[in-house]
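Asks: My questions all concern the structure below.
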Amino acid sequence: MSAAELNSKFGLAGVVEFAEAEHGLIKAAVSRAGMTGELYLQGAHVTAWQPAGARPVIFTSSRAVFVPGKAIRGGVPVIFPWFGPHPTDPAQPQHGVARTAEWELDAVEQSAEGVALELSLSPDGFALRYRVVFGEELRLTLAVRNTSSSAASFEEALHSYFAISDVERVTISGLEDSSFIDKTVGMQLCPPAGAPLMLSKETDQVYLNTPDGRVVHDPGWGRRIVVSTSAAASTIVWNPWPEKAAAMADLGADNWRGMVCVETGNVADNRVHLPSGATHEMMTRITVDAG
Ligand code: TA6
C-alpha cells in the first residue's frame, strides 16, 4: 500500500501519519501529548521513541541507510528465525529474514496506554504478529505461531539500540547472576560476573537464562532505561567499539560511544521449541526514569 492509502485506511490526523521515505520505504510517524515515535514497515522496525520531556531513548545511526532489503542500523530490529549467522547456510542473511522483510500493517489504535500499531509477517512455517505501543513506555510484543504440521524451533530477538551519554560510563544491572557466551573470544561460555556490567572494550555477549528485568544506568544523562520482559530467557549486550564501528559504513567512528544494544530474546540454548499450531509470545517494556 502507498503512504496515501495507508493514511486513508489507518491514519490518525496529528497522531499517526504515514510517509514515503528515502528509496520508497514507508514509515509511520507517531506523536501524542509530546511523545514521539517512528516505525518503518520494512522490518516492522521501530527507529525512534522519545517520551514527552525526555531525550530520545532509541538510538538510530546518523549514517543508517534506508534501502529496500537492507537492515537499518539502529532502532529495534526484529530478529527471526535465527540469531547471528545462519546455522548451516552461510548464504543466508545474518539475523534472519524478518528485519528486511515488508510487514503487513493490520491495525492502528489509540488507548489509555498509548498508540498501538499491529503488524504481521508469515515467513515459512510461521505466522508472526507484532504489537508496538508508543506511549509513556514503549511496549513490544512478538507472537510467533507454528503454522507447520510438525514441531519447530526458532531464535528471536528485539535487537534494541539505546541512546546513552557515553558507553564507557553506563552500568547495566540485572545480568550479574547469568552466564554468557562471549562472541569476542570464540563463543566461550563464561561464568556469571557477579557484578553489574561496565563496558571497557568491544562487547558482544549473549546472556542465558536471564531474569525478567535489567537496567541501563546512565549517570551522564542522569537517567535509567528500565527494560522489563516476559518469556524472554536471553539478553544480548553489544557495542562494537571504535575500530569495528569505523569499519561499518552505516555506523562510523563518531557514533559508537552514544549507543549500547541491550537486546531481549530467546537465542542459543534458550531457542524456542514450539509444537505444531502453538504460539509463543515474548514481550519487552521499556521505560525511562531519573537515575
Ligand atoms: O547482537 C549483537 C550482534 O549479533 C553482533 O554480533 C553484531 O554483529 C551485531 O549483532 C550487529 O549485527 P548486524 O548484522 O546488524 O551488523
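If you're wondering about the labels, chains in the C-alpha cells are A, B, ... by order shown, residues count from 1 in each chain, ligands from 1 in order shown.
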Hey, which residues come within 8 Å of ligand 1 if we count only C-alpha atoms and all ligand atoms? Could you give them as a PyMOL selection string?
Replies: chain A and resi 71-73+83-84+94-95+159+183+204-205+236-240+261+263
Asks: From a backbone DSSP assignment, name each residue in stretch 29-59 of chain A labelled strand (DSSP E or B), as an MDAnalysis selection string.
Replies: chainID A and resid 29:32 35:40 42 45:50 58
Asks: May I have the residues from that selection written out with N, CA and C atoms, as a compact mmCIF listing (two decimals), in the first residue's frame?
Replies:
# COMPACT_ATOMS: atom_id res chain seq x y z
N ALA A 29 4.97 8.05 11.36
CA ALA A 29 5.40 8.98 12.41
C ALA A 29 4.28 9.04 13.43
N VAL A 30 4.66 8.86 14.70
CA VAL A 30 3.67 8.78 15.78
C VAL A 30 3.93 9.93 16.75
N SER A 31 2.87 10.63 17.16
CA SER A 31 3.07 11.65 18.20
C SER A 31 1.78 11.81 19.00
N ARG A 32 1.95 11.95 20.31
CA ARG A 32 0.82 12.15 21.20
C ARG A 32 1.29 12.76 22.51
N MET A 35 4.94 12.95 23.25
CA MET A 35 5.71 11.74 22.95
C MET A 35 5.79 11.59 21.44
N THR A 36 6.96 11.14 20.93
CA THR A 36 7.08 10.90 19.50
C THR A 36 7.72 9.54 19.27
N GLY A 37 7.38 8.96 18.13
CA GLY A 37 7.93 7.66 17.75
C GLY A 37 7.94 7.51 16.26
N GLU A 38 8.63 6.49 15.78
CA GLU A 38 8.71 6.25 14.34
C GLU A 38 8.91 4.77 14.09
N LEU A 39 8.26 4.26 13.04
CA LEU A 39 8.37 2.84 12.68
C LEU A 39 8.35 2.70 11.16
N TYR A 40 9.26 1.85 10.63
CA TYR A 40 9.27 1.54 9.20
C TYR A 40 8.56 0.22 8.96
N GLN A 42 9.20 -1.81 6.61
CA GLN A 42 10.25 -2.79 6.36
C GLN A 42 10.84 -3.21 7.71
N HIS A 45 10.14 -2.02 11.89
CA HIS A 45 11.35 -1.54 12.57
C HIS A 45 11.09 -0.20 13.27
N VAL A 46 11.03 -0.25 14.61
CA VAL A 46 10.96 0.99 15.39
C VAL A 46 12.31 1.70 15.24
N THR A 47 12.30 2.97 14.83
CA THR A 47 13.56 3.70 14.67
C THR A 47 13.67 4.90 15.61
N ALA A 48 12.57 5.19 16.32
CA ALA A 48 12.63 6.30 17.27
C ALA A 48 11.53 6.14 18.32
N TRP A 49 11.84 6.52 19.54
CA TRP A 49 10.85 6.70 20.61
C TRP A 49 11.42 7.70 21.61
N GLN A 50 10.64 8.73 21.88
CA GLN A 50 11.07 9.80 22.78
C GLN A 50 9.88 10.21 23.64
N ILE A 58 15.62 5.57 22.00
CA ILE A 58 16.06 4.64 20.96
C ILE A 58 17.08 5.34 20.06
Asks: Would you write out, as a tab-separated table, a table of all residues in stretch 107-180 of chain A that have an atom no more than 6 Å from an atom of stretch 191-199 of chain A, listing for each the closest atom pair and the distance in Å to one decimal, considering only C-alpha atoms and ordering rows by chain and rising residue number?
Replies:
residue	atom	partner	partner_atom	distance
A:Glu168	CA	A:Leu199	CA	5.7
A:Thr171	CA	A:Met198	CA	4.9
A:Ile172	CA	A:Leu197	CA	5.0
A:Ser173	CA	A:Pro196	CA	4.6
A:Glu176	CA	A:Gly194	CA	4.5
A:Asp177	CA	A:Pro192	CA	5.0
A:Ser178	CA	A:Pro192	CA	4.8
A:Ser179	CA	A:Pro192	CA	4.3
Asks: List as JSON, numbers by chain the protein and nucleic acid residues near stretch 149-153 of chain A, meaning an atom at most 9 Å away when only C-alpha atoms are counted, but skip any in the same chain fewer than 2 places from it.
Replies: {"A": [81, 125, 146, 147, 155, 271, 272, 273, 274, 275, 276, 277, 278]}
Asks: Please compute the atom CA of A:Ala290-atom CA of A:Arg224 distance, one decimal, in Å.
Replies: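 Taking atom CA of A:Ala290 as the start and atom CA of A:Arg224 as the end point, the length is 6.1 Å.
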Asks: For A:Ser120, list every protein, DNA or RNA residue within 12 Å, evaluated using only C-alpha atoms, and leave out those in the same chain fewer than 4 positions away; present the list as number ranges by chain.
Replies: A: 41-44, 78, 98, 101-107, 126-132, 141-145
Asks: Using only C-alpha atoms, pick whichever of A:Glu113, A:Asp269, A:Glu118, A:Glu22 has the shortest atom-to-atom distance to A:Ala64.
Replies: A:Glu22
Asks: Mind giving me the straight-line distance from atom CA of A:Pro56 to atom CA of A:Val288 in Å, one decimal?
Replies: 10.1 Å
Asks: Residues at most 6 Å from A:Thr210, counting only C-alpha atoms, excluding those fewer than 2 positions away in the same chain, as an mmCIF file with all heavy atoms, in the first residue's frame?
Replies:
data_model
loop_
_atom_site.group_PDB
_atom_site.id
_atom_site.type_symbol
_atom_site.label_atom_id
_atom_site.label_comp_id
_atom_site.auth_asym_id
_atom_site.auth_seq_id
_atom_site.Cartn_x
_atom_site.Cartn_y
_atom_site.Cartn_z
ATOM 1 N N SER A 178 23.980 -14.340 35.614
ATOM 2 C CA SER A 178 23.784 -15.141 34.398
ATOM 3 C C SER A 178 25.104 -15.417 33.681
ATOM 4 O O SER A 178 25.918 -14.506 33.501
ATOM 5 C CB SER A 178 22.832 -14.397 33.442
ATOM 6 O OG SER A 178 21.595 -14.146 34.086
ATOM 7 N N LEU A 208 22.481 -16.038 29.104
ATOM 8 C CA LEU A 208 21.478 -17.099 29.067
ATOM 9 C C LEU A 208 20.678 -17.153 30.362
ATOM 10 O O LEU A 208 21.202 -16.846 31.434
ATOM 11 C CB LEU A 208 22.180 -18.442 28.807
ATOM 12 C CG LEU A 208 23.004 -18.490 27.510
ATOM 13 C CD1 LEU A 208 23.830 -19.765 27.456
ATOM 14 C CD2 LEU A 208 22.091 -18.377 26.295
ATOM 15 N N ALA A 233 14.297 -15.446 27.619
ATOM 16 C CA ALA A 233 15.299 -16.016 28.540
ATOM 17 C C ALA A 233 16.714 -15.530 28.255
ATOM 18 O O ALA A 233 17.631 -15.812 29.031
ATOM 19 C CB ALA A 233 15.248 -17.540 28.444
ATOM 20 N N SER A 234 16.901 -14.825 27.124
ATOM 21 C CA SER A 234 18.253 -14.367 26.782
ATOM 22 C C SER A 234 18.328 -12.836 26.729
ATOM 23 O O SER A 234 17.345 -12.173 26.402
ATOM 24 C CB SER A 234 18.669 -14.876 25.391
ATOM 25 O OG SER A 234 18.294 -16.202 25.179
#
Asks: Mind pulling up the distance from atom CA of A:Thr264 to atom CA of A:Thr284?
Replies: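 Atom-to-atom, atom CA of A:Thr284 and atom CA of A:Thr264 are spaced 7.0 Å apart.
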